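Written out below as structure tokens is the structure these notes cover.
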Amino acid sequence: MSLRSMRNLQVAAAGLAAVLLLSGCRAAEQPASGAQAASSTGSGTTEESVAGADRPAYAQLDDGELRYNGAAGIVFCGAQPCFRVGGHEQVYLLTDAVTGTTEYFLSGAPQGSDAYVYTVRDKTGAPVYELGERRGYQLCEGWLLVQDDQRWNGPPSVHCALVQLSTGQEIALPDGASDLYSPQEGLLCVSIWQWDEESELGRRKVQLYDGQGALLQEIPDVTSYGGAQSLLPDGWLRLERQGSGRVDTILYDTSTGRVVEKCVGLCGKGLACVQQEEGYALIRVEDGVVLQQADLPILCQLGDQLVLEGFDVNDGLEADGRYFRLEAADGSRQAVDFIQDVETGLCALRTAQTVRLYRNGELLLEEPYQLYVAAPDEFVSYTLQLYPQSQRLMLNRSVYGNGIDQEQSIMLYSTDGAVWDEPLTAYAYVEYPDGLNYGYGLRETSGGGYLYDILALDGTVLLAGASNVSACEPEFFACRRGFECGWMDLEGGWLWKESVWASAVGDDAESYWW
């Protein structure tokens with residue numbers, strides 16, 4: 001497998017890890033004992049295998065947080081194992097999109113060659129709600145969307161409901177409910193796609209419910225968009241409406257019914273870019289006042305400058321992919337690479353000489369870097385990665401020749417200046433989880449395998465030779481090392497460990513899957 005393919009696989013794994021592993025929950029009133037933990041575990045578990053493992057010290061774990069150790073295949077609540085994953089079973093932590101807490105997780109047991117039966121479990125591992133073959137990932141304010149498999153080429157789900165996990169209350173939804181999110185506290189938005197037998201076409205609508213499950217409003221011919229709702233004024237939604245052969249994004253005021261048509265995107269708190277008959281405009285959503293206009297879609301304001309889409313000229317950037325343009329007040333333009341996190345107001349751009357980090361249009365840092373001079377048979381790619389929580393920026397440069405990676409270097413910048421003065425080149429892939437003061441690098445071993453090194457912010461190695469690294473937290477992480485797996489601190493000490501032979505996960509859980 002080429003290093004490029006490996007990195008692509010790692011990017012997907014990092015996204016999965018962020019969803020499944022970096023979550024928390026309140027401390028349980030009565031953590032399960034060893035016997036209780038064993039009684040609520042998955043297949044093939046005994047009391048001795050879960051509660052009898054070697055634990056030198058686990059005070060750092062003893063905080064009541066619900067977390068999943070992929071290397072060991074065990075769900076923990078604090079320091080207490082509460083559920084062991086059986087062979088080929090699946091586990092997903094259910095983090096509430098509104099409260100940010102994780103009180104439940106979803107376990108899936110295989111039934112036959114391609115079917116799973118799912119169960120929602122609480123922090124002790126005890127079953128709370130049986131989903132059967134249905135799957136429920138979306139949890140908002142304690143309400144879980146339950147649905148049969150959605151069939152996009154025919155009639156939709158025949159059973160859909162909202163289930164309040166704390167009480168077991170179930171509210172039936174129209175067939176075809178496919179998405180749940182909360183645009184603001186106390187409001188649930190459900191997208192519904194229904195099949196019309198006569199016309200053989202799908203009909204869409206959105207239903208709004210309050211926090212007690214009462215239906216407030218129904219909006220026809222739209223679906224929910226989700227994401228970045230905190231940027232809109234209270235009571236506004238971003239929706240998608242099916243037009244003649246196309247889908248338009250609109251902004252909708254639930255209190256007045258006012259609609260902002262042809263929304264291209266949100267550009268900041270209360271700001272949006274909309275398409276006009278000629279060009280585009282940056283408007284204030286609440287009253288529709290036009291602030292600025294351009295001939296291309298507007299992404300954001302940086303002081304008196306605009307970042308625009310659609311610039312396809314390299315202009316010395318030496319990179320592949322999509323280009324943008326930075327337009328000054330005098331109308332001059334230059335090509336840039338651009339990345340943003342709209343909800344936090346952070347964005348970063350790369351010119352041919354510098355990388356810059358902004359917050360709400362204010363320049364936080366500007367650092368120089370050196371362009372790689374490519375040979376005729378080489379191809380160079382520069383990738384920006386933004387860490388909003390810790391206000392860091394990573395620049396990844398890859399050099400390809402004959403279809404494979406020849407060289408890769410990584411530079412990390414923070415609001416305190418450049419963290420790495422020299423590019424880091426020893427790894428096929430490097431990840432720094434947002435908000436932590438360490439990361440991990442994936443390197444190829446002499447035998448053709450891969451191992452992780454735990455890295456400080458300056459690129460120095462804190463710990464070498466781990467595998468299956470996941471669930472990274474400020475002071476510890478899940479991993480396998482040698483023939484042991486569990487939770488390890490940054491000094492390489494085990495907080496909790498057991499033999500890999502006790503785990504039903506085994507070698508199937510190779511590092512790039514967890």
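Residue numbering restarts at 1 for every chain of the structure tokens, chains are lettered A, B, ... in their displayed order, and ligands are numbered from 1 as they appear.
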Excluding A:Leu457 and residues on its chain fewer than 4 positions from it, collect all residues at most 10 Å away from it, counting only C-alpha atoms, and give them as a VMD selection string. chain A and resid 412 to 414 419 to 420 432 436 to 439 461
Same residues, N, CA and C atoms, output as a PDB file, in the first residue's frame:
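Result file is part_21.pdb:
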```pdb
ATOM      1  N   LEU A 412       3.980  22.894  11.630  1.00  0.00           N
ATOM      2  CA  LEU A 412       2.881  23.237  12.518  1.00  0.00           C
ATOM      3  C   LEU A 412       3.081  24.649  13.045  1.00  0.00           C
ATOM      4  N   TYR A 413       2.009  25.457  13.012  1.00  0.00           N
ATOM      5  CA  TYR A 413       2.061  26.845  13.469  1.00  0.00           C
ATOM      6  C   TYR A 413       0.974  27.066  14.520  1.00  0.00           C
ATOM      7  N   SER A 414       1.238  27.959  15.468  1.00  0.00           N
ATOM      8  CA  SER A 414       0.241  28.318  16.463  1.00  0.00           C
ATOM      9  C   SER A 414       0.232  29.826  16.631  1.00  0.00           C
ATOM     10  N   VAL A 419       5.599  26.463  15.707  1.00  0.00           N
ATOM     11  CA  VAL A 419       5.918  25.453  16.715  1.00  0.00           C
ATOM     12  C   VAL A 419       7.073  24.592  16.238  1.00  0.00           C
ATOM     13  N   TRP A 420       7.046  24.218  14.978  1.00  0.00           N
ATOM     14  CA  TRP A 420       8.170  23.484  14.396  1.00  0.00           C
ATOM     15  C   TRP A 420       8.951  24.428  13.491  1.00  0.00           C
ATOM     16  N   TYR A 432      -2.487  15.710  14.907  1.00  0.00           N
ATOM     17  CA  TYR A 432      -2.491  16.370  16.207  1.00  0.00           C
ATOM     18  C   TYR A 432      -3.944  16.636  16.588  1.00  0.00           C
ATOM     19  N   LEU A 436      -5.073  19.251  22.099  1.00  0.00           N
ATOM     20  CA  LEU A 436      -4.085  18.503  22.867  1.00  0.00           C
ATOM     21  C   LEU A 436      -2.686  19.040  22.579  1.00  0.00           C
ATOM     22  N   ASN A 437      -1.778  18.818  23.516  1.00  0.00           N
ATOM     23  CA  ASN A 437      -0.393  19.261  23.357  1.00  0.00           C
ATOM     24  C   ASN A 437       0.514  18.131  22.895  1.00  0.00           C
ATOM     25  N   TYR A 438      -0.051  17.145  22.274  1.00  0.00           N
ATOM     26  CA  TYR A 438       0.728  16.074  21.665  1.00  0.00           C
ATOM     27  C   TYR A 438      -0.063  15.514  20.487  1.00  0.00           C
ATOM     28  N   GLY A 439       0.608  14.732  19.660  1.00  0.00           N
ATOM     29  CA  GLY A 439      -0.027  14.086  18.527  1.00  0.00           C
ATOM     30  C   GLY A 439       0.619  12.738  18.287  1.00  0.00           C
ATOM     31  N   VAL A 461       9.985  12.949  19.858  1.00  0.00           N
ATOM     32  CA  VAL A 461       9.262  11.719  20.177  1.00  0.00           C
ATOM     33  C   VAL A 461       9.129  11.564  21.687  1.00  0.00           C
TER      34      VAL A 461
END
```
Choose the residue, out of A:Gln370, A:Leu393, A:Leu384, A:Gly288, that has the smallest atom-to-atom separation from A:Leu357; count only C-alpha atoms.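 Closest residue, counting only C-alpha atoms: A:Leu393.
The two atoms in question, atom CA of A:Leu61 and atom CA of A:Trp496, are spaced 8.6 Å apart.
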If you run DSSP on the backbone, which residues of stretch 199-422 of chain A are strand (DSSP E or B), as a ChimeraX atom specification? /A:201-210,215-220,222-224,236-242,247-253,259-260,263-268,271-275,280-284,290-294,298-302,305-311,323-327,333-341,346-350,354-359,362-368,378-387,392-401,404-414,417-418
